[in-house]
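Structure first, commentary second.
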Amino acid sequence: MDIREKILDIKGLDISFRTTAGYVHAIRGIDLELHKGETVAIVGESGSGKSVTMRAAMGILAKNAVVNSGTISFAYRHDDGTEEKVEILTKDKKWIRTHINGKRMAMVFQDPMTSLDPTMNIGNQIMEGMIWHFHMPKEEAHARAVRLLQEVGITDAEARMKNYPHQLSGGMRQRVVIAIALSCNPDLLICDEPTTALDVTIQAKILELISRIQKERGISVIYITHDLGVVAKIADYVNVMYAGKIVEKGTINEIFYEPKHPYTWGLLSAMPDLDTDDARLYTIPGSPPNLLHEKQGDAFAPRNKYALVVDDKAQPPMFRISETHYAATWLLDERAPKVEMPPELKARLERMRKSAGISAPGSAGAAPAKTSSERSGSGKAAGAEERSGD
């Protein structure tokens, strides 16, 4: 029995966007959950639906978004300890802005220069949320803002309160954005590519900062990223997204050392590796699909050299690999031919495993895969033979 306290539960989320060219089916049945104190990473190429999923959770979708189906449940505790669970998709934007955004759920955006107001000094920007949500006196909000700047590692915080965003370095601006996100003590912090615009040394410091604050405050964190190097440092669980769907999910060790989906193999193979004998940097062939024109079957099939005939006919269900590990690929069907990950990737993961001091998996990782019971009749799809090159 899972006794962990679940704070976010997304089920069957399906979202389209109205455009002049037609409807873009951006999110196609997402199931995702997060427990208190956990760090969950959502990874995938640009356009896979990572940010849209989390914007839906925060209730800040664009006006042309249409939620076709699904639920987003968010649970939190009031100051007196009483628990409340709300269904985000049933609330209007005014209610969400008053009760959720910033106060219970906060987001750190990719580029701090686009999320900071260039006409306001950073002190007022940090104080704004506290005054809005808690009606805090300005003097108290000022003192708390100074403490927050100190907490995120900004020296001479009192003087920095008067600075404007353009007067700060990129690393300092990102720390200010984190301070703003933490100003109202949220239960959930969503980090949308928080280190992309920063150099490598500052990236490491920002990740350490978020990790330290998470432990001190006991908050839950969701990282949205395409950088698997970042994921390896911070995540407990990983959700791999492709074309608006989660195609593999599991613990950090399961995804990094025992991946089962060819797309995950591709992402891991594309990571730079100093120990490889190959002089070329691997790239996944082709491009992500145009979701304005959905194809039948598996969206990844055109880019998948291991694709089967059935991939052109039906979407794969989520196959159960272990209690925590699932992947949506027909290669896990008991009728499919036996396909192993590329030997170069296998050797790389073995080096990574030894370097991290992680022992080889036991029999649990090798258990025969079973389809999810929620996918009725999916096992009847025929054609497990390999697809001819086309």
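FYI, nothing fancy with the structure tokens labels: chains A, B, ... in order, residues from 1 per chain, ligands from 1 as they appear.
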
Legend entry - Spatial neighbours of Val221 (chain A), 10 Å, only C-alpha atoms, chain gap at least 6 places, as JSON, numbers by chain: {"A": [34, 35, 36, 37, 38, 39, 40, 41, 105, 106, 107, 187, 188, 189, 190, 191, 210, 211, 214, 234, 235]}

Same residues, C-alpha atoms, output as a compact mmCIF listing (two decimals), in the first residue's frame:
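Wrote it out as selection.txt, contents follow:
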```txt
# COMPACT_ATOMS: atom_id res chain seq x y z
CA LEU A 34 3.57 13.47 -7.86
CA HIS A 35 3.96 12.79 -4.13
CA LYS A 36 5.01 15.15 -1.37
CA GLY A 37 8.76 15.80 -1.25
CA GLU A 38 9.47 14.00 -4.53
CA THR A 39 11.29 15.29 -7.59
CA VAL A 40 9.77 14.26 -10.92
CA ALA A 41 11.37 15.09 -14.27
CA MET A 105 1.99 26.14 -6.98
CA ALA A 106 4.79 28.26 -8.45
CA MET A 107 6.79 28.10 -11.67
CA ASP A 187 3.72 23.17 -1.97
CA LEU A 188 4.84 22.53 -5.55
CA LEU A 189 7.64 24.18 -7.50
CA ILE A 190 7.64 23.67 -11.28
CA CYS A 191 10.99 24.39 -12.96
CA ILE A 210 16.82 24.21 -5.72
CA SER A 211 17.74 20.83 -4.23
CA GLN A 214 13.51 21.49 -1.49
CA ILE A 234 18.09 15.71 -9.39
CA ALA A 235 15.18 13.37 -10.23
```

Inset, instruction - Excluding Ala204 (chain A) and residues on its chain fewer than 6 positions from it, collect all residues at most 10 Å away from it, counting only C-alpha atoms, and give them as a VMD selection string. - result: chain A and resid 195 198 230 233

I need the residues from that last selection saved to file as a short mmCIF file (atom, residue, chain, number, x, y, z; two decimals), in the first residue's frame (with C-alpha atoms), if you can.
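Below is the file that was written, again-v3.cif:
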```cif
data_model
loop_
_atom_site.label_atom_id
_atom_site.label_comp_id
_atom_site.auth_asym_id
_atom_site.auth_seq_id
_atom_site.Cartn_x
_atom_site.Cartn_y
_atom_site.Cartn_z
CA THR A 195 19.22 26.33 -16.36
CA LEU A 198 23.03 29.71 -18.00
CA VAL A 230 20.27 17.61 -15.38
CA LYS A 233 21.48 14.86 -10.84
#
```

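Counting only C-alpha atoms and comparing A:Val108, A:Val310, A:Ala62, A:Ile131, the residue that lies closest to Leu182 (chain A) is A:Val108.
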
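Non-sequential neighbours of region 167-172 of chain A (distance at most 7 Å, separation of 4 or more positions within a chain, only C-alpha atoms) are A:Asn163, A:Val176, A:Leu198, A:Ile202.
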
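Among the candidate residues A:Glu33, A:Gln150, A:Ile222, A:Ala347, the one lying nearest to Ser269 (chain A) is A:Ala347, with distances computed using only C-alpha atoms.
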
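Here CA of Leu268 (chain A) is placed at a distance of 20.3 Å from CA of Asp298 (chain A).
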
Legend entry - Shell of 12 Å around Ala145 (chain A), only C-alpha atoms, local chain residues under 3 positions omitted, as a ChimeraX atom specification: /A:122-131,136,138-142,148-152,154,157-162,176-184

Inset, instruction - Could you pull out the residues in region 61-99 of chain A that DSSP calls strand (DSSP E or B) from the backbone, as a ChimeraX atom specification? - result: /A:65-77,83-87

Those selected residues, please, written with N, CA and C atoms and delivered as a PDB file, in the first residue's frame.
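Now in result.pdb:
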```pdb
ATOM      1  N   ALA A  65      -6.464  27.238 -26.188  1.00  0.00           N
ATOM      2  CA  ALA A  65      -6.380  25.843 -25.748  1.00  0.00           C
ATOM      3  C   ALA A  65      -7.775  25.282 -25.484  1.00  0.00           C
ATOM      4  N   VAL A  66      -7.972  24.038 -25.878  1.00  0.00           N
ATOM      5  CA  VAL A  66      -9.238  23.343 -25.635  1.00  0.00           C
ATOM      6  C   VAL A  66      -8.921  22.043 -24.900  1.00  0.00           C
ATOM      7  N   VAL A  67      -9.439  21.907 -23.669  1.00  0.00           N
ATOM      8  CA  VAL A  67      -9.244  20.673 -22.907  1.00  0.00           C
ATOM      9  C   VAL A  67     -10.329  19.692 -23.325  1.00  0.00           C
ATOM     10  N   ASN A  68      -9.937  18.662 -24.056  1.00  0.00           N
ATOM     11  CA  ASN A  68     -10.894  17.687 -24.574  1.00  0.00           C
ATOM     12  C   ASN A  68     -11.388  16.739 -23.487  1.00  0.00           C
ATOM     13  N   SER A  69     -10.509  16.341 -22.593  1.00  0.00           N
ATOM     14  CA  SER A  69     -10.882  15.419 -21.520  1.00  0.00           C
ATOM     15  C   SER A  69      -9.760  15.379 -20.491  1.00  0.00           C
ATOM     16  N   GLY A  70     -10.039  14.716 -19.371  1.00  0.00           N
ATOM     17  CA  GLY A  70      -9.024  14.534 -18.336  1.00  0.00           C
ATOM     18  C   GLY A  70      -9.321  15.287 -17.054  1.00  0.00           C
ATOM     19  N   THR A  71      -8.567  14.957 -16.027  1.00  0.00           N
ATOM     20  CA  THR A  71      -8.696  15.608 -14.712  1.00  0.00           C
ATOM     21  C   THR A  71      -7.316  15.950 -14.188  1.00  0.00           C
ATOM     22  N   ILE A  72      -7.239  17.045 -13.415  1.00  0.00           N
ATOM     23  CA  ILE A  72      -6.005  17.446 -12.729  1.00  0.00           C
ATOM     24  C   ILE A  72      -6.378  17.734 -11.280  1.00  0.00           C
ATOM     25  N   SER A  73      -6.034  16.821 -10.380  1.00  0.00           N
ATOM     26  CA  SER A  73      -6.342  16.991  -8.959  1.00  0.00           C
ATOM     27  C   SER A  73      -5.099  17.482  -8.226  1.00  0.00           C
ATOM     28  N   PHE A  74      -5.276  18.515  -7.419  1.00  0.00           N
ATOM     29  CA  PHE A  74      -4.175  19.084  -6.650  1.00  0.00           C
ATOM     30  C   PHE A  74      -4.583  19.125  -5.180  1.00  0.00           C
ATOM     31  N   ALA A  75      -3.766  18.516  -4.337  1.00  0.00           N
ATOM     32  CA  ALA A  75      -4.068  18.447  -2.902  1.00  0.00           C
ATOM     33  C   ALA A  75      -3.048  19.274  -2.121  1.00  0.00           C
ATOM     34  N   TYR A  76      -3.522  20.008  -1.134  1.00  0.00           N
ATOM     35  CA  TYR A  76      -2.622  20.801  -0.288  1.00  0.00           C
ATOM     36  C   TYR A  76      -3.244  20.943   1.091  1.00  0.00           C
ATOM     37  N   ARG A  77      -2.453  21.424   2.023  1.00  0.00           N
ATOM     38  CA  ARG A  77      -2.926  21.615   3.399  1.00  0.00           C
ATOM     39  C   ARG A  77      -2.984  23.102   3.735  1.00  0.00           C
ATOM     40  N   GLU A  83      -6.762  19.337   5.105  1.00  0.00           N
ATOM     41  CA  GLU A  83      -6.394  19.034   3.728  1.00  0.00           C
ATOM     42  C   GLU A  83      -7.504  19.442   2.764  1.00  0.00           C
ATOM     43  N   GLU A  84      -7.098  19.938   1.620  1.00  0.00           N
ATOM     44  CA  GLU A  84      -8.064  20.297   0.581  1.00  0.00           C
ATOM     45  C   GLU A  84      -7.595  19.719  -0.750  1.00  0.00           C
ATOM     46  N   LYS A  85      -8.515  19.169  -1.512  1.00  0.00           N
ATOM     47  CA  LYS A  85      -8.211  18.659  -2.844  1.00  0.00           C
ATOM     48  C   LYS A  85      -9.097  19.379  -3.839  1.00  0.00           C
ATOM     49  N   VAL A  86      -8.482  19.961  -4.868  1.00  0.00           N
ATOM     50  CA  VAL A  86      -9.248  20.714  -5.862  1.00  0.00           C
ATOM     51  C   VAL A  86      -9.027  20.123  -7.249  1.00  0.00           C
ATOM     52  N   GLU A  87     -10.029  20.253  -8.080  1.00  0.00           N
ATOM     53  CA  GLU A  87      -9.943  19.841  -9.470  1.00  0.00           C
ATOM     54  C   GLU A  87      -9.671  21.102 -10.293  1.00  0.00           C
TER      55      GLU A  87
END
```

Inset, instruction - Find the distance between CA of Gln174 (chain A) and CA of Asp227 (chain A) and write it in Å to one decimal. - result: 17.7 Å

Legend entry - Residue nearest Met113 (chain A) - candidates A:Leu209, A:Leu349, A:Leu8, A:Pro165, atoms counted: only C-alpha atoms: A:Pro165

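Take CA of Ala328 (chain A) and CA of Pro316 (chain A): the distance between them is 5.4 Å.
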